[in-house]
Each structure stands twice: as C-alpha cells, then as structure tokens.
Amino acid sequence: MERLRGGDLDQALATGGPLSERAAAAVAHECLKVVATCHAAGVMHGDVKPANFMLREAFLAAPATSSSDGGEPHVVPTSTATIESLVKDGNRPPARWLAAVDFGCAQPLGRASLNRRTGTPVYMAPEVFQRDYGREADLWSAGVMLYQLLSGRFPFWRSLDDCRARSVDEVMRSVLGDPVPLSGGVWASKSAACVDLLAGLLDRDPGSRLTAADALEHPWFREQLGGSLSSNASSSTFSNSSDQSNILPMAGSHSHDGSYRPSSSSSSMMRSQHAFSQSPVAPACAWYAPGPSGMAVA
C-alpha cells in the first residue's frame, strides 16, 4: 500500500492545537470532497474524523544535526504548523495532500435507511443514535470535525477525556438535545461565513442539513481559499491508483457483514495479523472497549 509519511490530523491537533480559518478550510475542503465522492458512488463513509485523514508527506523537515545522520533531514512530527505552512502567504496546498483511510464503518446506501450504530460516538449524528439515518450523518461528523479543527474542542465537551468520563446515555442525550455553542469565546473571532457553514453542517434535522456538494460550494471556502474550487466529486471514481484518488484503498476488500478478504498478493503474515482477517460481530470502529465509565471513545 501507499506509504503515508505525514501522520494523521488527530496527531496534528494533539501536537499543535487548533488551525486558522484558512488552514481549516483547506482541510475541510479535501475531506468534503472525499465524502462527496463516496456518496456519489453510493457509499457512506460512516466514520469521518481527523484520525481517518492522513497527510501523504511530512512537508516540514529539520536539518540533520550530525554527520551520523548521513545528511538526511529529520522528519518533523506532524502538527498544525505543518498544515499552516501549506497555506502560508496565500499558498494553496499541493493536490491530493490528504488521504482518507479506514473504511471499516462504510455501508452501501440504498432506498432503506440504515440502522446500525457504527462510528465514533463523539462524531456520530443524532439520527445514528436513533438508528434511522442515511448519508446526511457523514455531514454531521464532518461538522464536528471542523468544529474541532477550529476550536480544539468538541461541540458538547471541552475534550475527549471529558467525553470519555460520560456514560453512553449522557453522550447520546448531549448529541440529541444540547445546544451547539457557536457564539462567544473562540467563535467571536471567527468569520460569519465560517459559523454559517458550521451551523449548516451541525443541523439536527438531516433534511435541512447541508449536503456534501452544497457544503463544497459554501462561500467560506472561496473566501478563505480563493480561486476556482472544483467540487465536481460526482465525476470522481474509486481507484487503486494513487494518481487518481485521494481515497486510500485497503489491500483487499470488505464485505458488508464486516469481514475482510485480503488480496491474493497479501502475505500470509499480513493476512493473519489484519484486524479484519476474522469476521467481527460488528465493525471494529462501532463501539470501543468500555472503560470505568462504561464507554471509551477513540
């Protein structure tokens, strides 16, 4: 599989804190293109979150400090500074700089609504908790992710640890009914277009929530990134070629029951170690091992 050298967005946030509006817009635009591509292909990603988007390259490197390094630069740990450097002085990030990974919670979209509670609870849409949802749930997750990129926290909790300390029922009640803070504090310094996009993504009514295509056309992206932003994701196709897609395929395939079928080229060792080499009862990302409070969120 393709080697992704830059780490994931979760690591970046943990290392460097929130992003500027411009950098967050660059990230969100790439992520929404992935979501739009999935939906156009009849697939729901099901687990949109920073940990499932990885930088293809480290982009920043520090000079070698001794001859023992062989002249090779040290890779700088992924941080928000890495992403900020890509948009410095009005630059646009290189094409395909992010890759989407982990489709273990993906489901096919059809006429019937979906009813399995899959995903990472802190990013799950209200209707997922109610077991009656469709593609719109991915957009709620994208909204929570953007909220986190901009503020360093979640809509209903100040941190992941704060969320972990709560029971499943408490998490569900917050997602279903607590107000989404979008005024005062850090939001007082954000642009009106930024807050408007977040409000459109974090709309509890799936019918009025922004679609991926609509979100990609939001004025905030043109305001922050400028130029011509192509959101014609419906013409995109899944491909094993890294030259054609920013979706990173697994070296095999998953069936809809959650089982994994390695490709014929995979080694026997890789097959025996792969998380999906044994059919799980539910997708591995559905619910995590319970902690002292009865639930742990990853």
# chains A, B, ... in the order shown; residues from 1 in each chain; ligands from 1
>>> residues_around(residues="Lys88 in chain A", least_positions_apart="5", cutoff="12 Å", atoms="only C-alpha atoms", output="PyMOL selection string")
chain A and resi 20+22-23+26+81-83+93+225
>>> write_last_selection(atoms="C-alpha atoms", output="PDB file, in the first residue's frame")
ATOM      1  CA  SER A  20      -6.509  29.074  11.495  1.00  0.00           C
ATOM      2  CA  ARG A  22      -7.605  29.292   6.156  1.00  0.00           C
ATOM      3  CA  ALA A  23      -5.838  26.077   7.149  1.00  0.00           C
ATOM      4  CA  ALA A  26      -8.008  23.647   3.228  1.00  0.00           C
ATOM      5  CA  ALA A  81       2.237  24.034  11.989  1.00  0.00           C
ATOM      6  CA  THR A  82       2.735  21.526   9.171  1.00  0.00           C
ATOM      7  CA  ILE A  83      -0.677  22.349   7.734  1.00  0.00           C
ATOM      8  CA  PRO A  93      -1.801  23.071  -0.615  1.00  0.00           C
ATOM      9  CA  LEU A 225      -9.001  29.686  -0.377  1.00  0.00           C
TER      10      LEU A 225
END
>>> closest_residue(among="A:Ala95, A:Met44, A:Met1, A:Ala14", to="Ala137 in chain A", atoms="only C-alpha atoms")
A:Met44
>>> closest_residue(among="A:Ala28, A:Phe154, A:Ala58, A:Ala106", to="Ser85 in chain A", atoms="only C-alpha atoms")
A:Ala58
>>> residues_around(residues="range 5-13 of chain A", least_positions_apart="2", cutoff="10 Å", atoms="only C-alpha atoms", output="PyMOL selection string")
chain A and resi 2-3+15-19+27+49-60+75-83+97-101+145+148-150+152
>>> write_last_selection(atoms="N, CA and C atoms", output="CSV table (one decimal), in the first residue's frame")
chain,number,residue,atom,x,y,z
A,2,GLU,N,0.3,2.3,-0.4
A,2,GLU,CA,1.0,3.6,-0.4
A,2,GLU,C,1.5,4.0,1.0
A,3,ARG,N,2.7,4.5,1.1
A,3,ARG,CA,3.2,4.9,2.4
A,3,ARG,C,2.8,6.4,2.6
A,15,THR,N,-0.6,17.8,18.7
A,15,THR,CA,0.8,18.4,18.7
A,15,THR,C,0.7,19.9,18.7
A,16,GLY,N,-0.2,20.5,17.9
A,16,GLY,CA,-0.1,21.9,17.7
A,16,GLY,C,-1.4,22.7,18.0
A,17,GLY,N,-2.5,22.1,18.4
A,17,GLY,CA,-3.7,22.8,18.7
A,17,GLY,C,-4.5,23.2,17.5
A,18,PRO,N,-5.5,24.1,17.6
A,18,PRO,CA,-6.4,24.4,16.6
A,18,PRO,C,-5.7,25.1,15.4
A,19,LEU,N,-6.5,25.1,14.2
A,19,LEU,CA,-6.0,25.6,13.0
A,19,LEU,C,-6.6,27.0,12.8
A,27,VAL,N,-8.3,21.9,4.9
A,27,VAL,CA,-8.5,20.5,5.3
A,27,VAL,C,-9.9,20.1,5.1
A,49,LYS,N,-13.6,11.6,10.7
A,49,LYS,CA,-13.0,12.2,11.9
A,49,LYS,C,-11.5,12.4,11.6
A,50,PRO,N,-10.8,13.3,12.3
A,50,PRO,CA,-9.4,13.6,12.0
A,50,PRO,C,-8.5,12.4,11.9
A,51,ALA,N,-8.7,11.4,12.7
A,51,ALA,CA,-7.8,10.3,12.7
A,51,ALA,C,-7.9,9.5,11.4
A,52,ASN,N,-8.9,9.7,10.6
A,52,ASN,CA,-9.1,8.9,9.4
A,52,ASN,C,-8.7,9.7,8.2
A,53,PHE,N,-7.9,10.8,8.4
A,53,PHE,CA,-7.4,11.6,7.2
A,53,PHE,C,-5.9,11.8,7.5
A,54,MET,N,-5.0,11.3,6.6
A,54,MET,CA,-3.6,11.4,6.8
A,54,MET,C,-2.9,12.2,5.7
A,55,LEU,N,-1.9,12.9,6.2
A,55,LEU,CA,-1.0,13.7,5.3
A,55,LEU,C,-0.1,12.7,4.5
A,56,ARG,N,-0.1,12.9,3.2
A,56,ARG,CA,0.7,12.0,2.4
A,56,ARG,C,2.2,12.2,2.6
A,57,GLU,N,2.6,13.4,2.9
A,57,GLU,CA,4.0,13.8,3.1
A,57,GLU,C,4.1,14.5,4.4
A,58,ALA,N,5.4,14.5,5.0
A,58,ALA,CA,5.6,15.3,6.2
A,58,ALA,C,5.7,16.8,5.9
A,59,PHE,N,6.1,17.2,4.7
A,59,PHE,CA,6.2,18.6,4.2
A,59,PHE,C,7.2,19.4,5.0
A,60,LEU,N,7.3,19.3,6.3
A,60,LEU,CA,8.3,20.1,7.0
A,60,LEU,C,9.4,19.1,7.5
A,75,VAL,N,12.5,14.1,10.1
A,75,VAL,CA,11.1,14.4,9.8
A,75,VAL,C,10.5,15.1,11.1
A,76,VAL,N,9.9,16.2,10.9
A,76,VAL,CA,9.2,16.9,12.0
A,76,VAL,C,7.9,16.3,12.3
A,77,PRO,N,7.6,16.0,13.6
A,77,PRO,CA,6.3,15.3,13.9
A,77,PRO,C,5.2,16.2,13.4
A,78,THR,N,4.2,15.5,12.9
A,78,THR,CA,3.0,16.2,12.3
A,78,THR,C,2.4,17.1,13.4
A,79,SER,N,2.1,18.3,13.0
A,79,SER,CA,1.4,19.3,13.9
A,79,SER,C,0.6,20.2,13.0
A,80,THR,N,-0.1,21.1,13.7
A,80,THR,CA,-0.9,22.0,12.9
A,80,THR,C,0.0,23.0,12.2
A,81,ALA,N,1.3,23.2,12.7
A,81,ALA,CA,2.2,24.0,12.0
A,81,ALA,C,2.5,23.5,10.6
A,82,THR,N,2.5,22.2,10.5
A,82,THR,CA,2.7,21.5,9.2
A,82,THR,C,1.7,22.0,8.2
A,83,ILE,N,0.4,22.0,8.6
A,83,ILE,CA,-0.7,22.3,7.7
A,83,ILE,C,-0.7,23.9,7.5
A,97,TRP,N,-3.0,16.2,-1.1
A,97,TRP,CA,-2.1,16.2,0.0
A,97,TRP,C,-2.6,15.4,1.2
A,98,LEU,N,-4.0,15.1,1.2
A,98,LEU,CA,-4.6,14.3,2.3
A,98,LEU,C,-5.1,13.0,1.7
A,99,ALA,N,-5.1,12.0,2.5
A,99,ALA,CA,-5.6,10.7,2.0
A,99,ALA,C,-6.6,10.2,3.1
A,100,ALA,N,-7.8,9.8,2.6
A,100,ALA,CA,-8.8,9.2,3.5
A,100,ALA,C,-8.5,7.7,3.7
A,101,VAL,N,-8.5,7.3,5.0
A,101,VAL,CA,-8.3,5.9,5.3
A,101,VAL,C,-9.4,5.3,6.2
A,145,MET,N,-16.0,17.5,13.1
A,145,MET,CA,-14.5,17.5,12.8
A,145,MET,C,-14.0,19.0,12.6
A,148,GLN,N,-13.9,20.9,15.7
A,148,GLN,CA,-12.7,20.5,16.5
A,148,GLN,C,-11.4,21.2,15.9
A,149,LEU,N,-11.3,21.2,14.5
A,149,LEU,CA,-10.1,21.8,13.9
A,149,LEU,C,-10.0,23.3,14.2
A,150,LEU,N,-11.1,23.9,14.3
A,150,LEU,CA,-11.1,25.4,14.6
A,150,LEU,C,-11.0,25.8,16.0
A,152,GLY,N,-10.3,23.3,18.8
A,152,GLY,CA,-9.6,22.4,19.7
A,152,GLY,C,-10.4,21.7,20.7
>>> atom_distance(atom1="CA of Trp140 in chain A", atom2="CA of Thr120 in chain A")
12.2 Å
>>> select_by_dssp(residues="range 26-241 of chain A", states="strand (DSSP E or B)", output="list of chain:residue names")
A:Val43, A:Met44, A:Phe53, A:Met54, A:Leu55, A:Ala61, A:Ala62, A:His74, A:Val75, A:Leu98, A:Ala99, A:Ala100, A:Gln107, A:Pro108, A:Leu114, A:Tyr133
>>> closest_residue(among="A:Leu114, A:Cys38, A:Leu202, A:Val48", to="Tyr133 in chain A", atoms="only C-alpha atoms")
A:Leu114
>>> atom_distance(atom1="CA of Ser113 in chain A", atom2="CA of Leu139 in chain A")
15.7 Å
>>> select_by_dssp(residues="range 94-145 of chain A", states="helix (DSSP H, G or I)", output="VMD selection string")
chain A and resid 121 to 123 126 to 129 136 to 145
>>> write_last_selection(atoms="C-alpha atoms", output="PDB file, in the first residue's frame")
ATOM      1  CA  PRO A 121     -19.636   8.280  19.262  1.00  0.00           C
ATOM      2  CA  VAL A 122     -18.275  11.810  19.696  1.00  0.00           C
ATOM      3  CA  TYR A 123     -18.669  12.324  15.921  1.00  0.00           C
ATOM      4  CA  PRO A 126     -28.211  12.377  16.308  1.00  0.00           C
ATOM      5  CA  GLU A 127     -30.024  10.111  13.868  1.00  0.00           C
ATOM      6  CA  VAL A 128     -27.306   7.451  14.174  1.00  0.00           C
ATOM      7  CA  PHE A 129     -28.101   7.164  17.881  1.00  0.00           C
ATOM      8  CA  GLU A 136     -26.525  13.004   5.906  1.00  0.00           C
ATOM      9  CA  ALA A 137     -24.867  11.551   9.014  1.00  0.00           C
ATOM     10  CA  ASP A 138     -21.441  11.892   7.351  1.00  0.00           C
ATOM     11  CA  LEU A 139     -22.008  15.648   7.098  1.00  0.00           C
ATOM     12  CA  TRP A 140     -22.746  15.962  10.822  1.00  0.00           C
ATOM     13  CA  SER A 141     -19.479  14.122  11.506  1.00  0.00           C
ATOM     14  CA  ALA A 142     -17.670  16.487   9.126  1.00  0.00           C
ATOM     15  CA  GLY A 143     -19.184  19.395  11.069  1.00  0.00           C
ATOM     16  CA  VAL A 144     -17.938  18.036  14.408  1.00  0.00           C
ATOM     17  CA  MET A 145     -14.521  17.522  12.833  1.00  0.00           C
TER      18      MET A 145
END
>>> residues_around(residues="Leu210 in chain A", least_positions_apart="2", cutoff="7 Å", atoms="only C-alpha atoms", output="list in words")
Gly200, Leu201, Ser208, Ala212, Asp214 and Ala215 of chain A
>>> write_last_selection(atoms="N, CA and C atoms", output="compact mmCIF listing (two decimals), in the first residue's frame")
# COMPACT_ATOMS: atom_id res chain seq x y z
N GLY A 200 -24.79 24.97 9.28
CA GLY A 200 -25.42 24.16 8.24
C GLY A 200 -25.06 22.69 8.33
N LEU A 201 -23.86 22.39 8.81
CA LEU A 201 -23.42 21.00 8.97
C LEU A 201 -23.96 20.40 10.26
N SER A 208 -32.61 19.26 6.41
CA SER A 208 -32.16 20.62 6.14
C SER A 208 -30.65 20.79 6.29
N ALA A 212 -22.96 17.23 0.96
CA ALA A 212 -21.52 17.41 0.70
C ALA A 212 -21.31 18.38 -0.47
N ASP A 214 -23.35 20.77 -1.51
CA ASP A 214 -23.69 22.13 -1.08
C ASP A 214 -22.59 22.72 -0.19
N ALA A 215 -22.06 21.91 0.71
CA ALA A 215 -21.02 22.40 1.61
C ALA A 215 -19.78 22.83 0.83
>>> closest_residue(among="A:Val168, A:Ala125, A:Leu216, A:Leu86", to="Thr37 in chain A", atoms="only C-alpha atoms")
A:Leu216
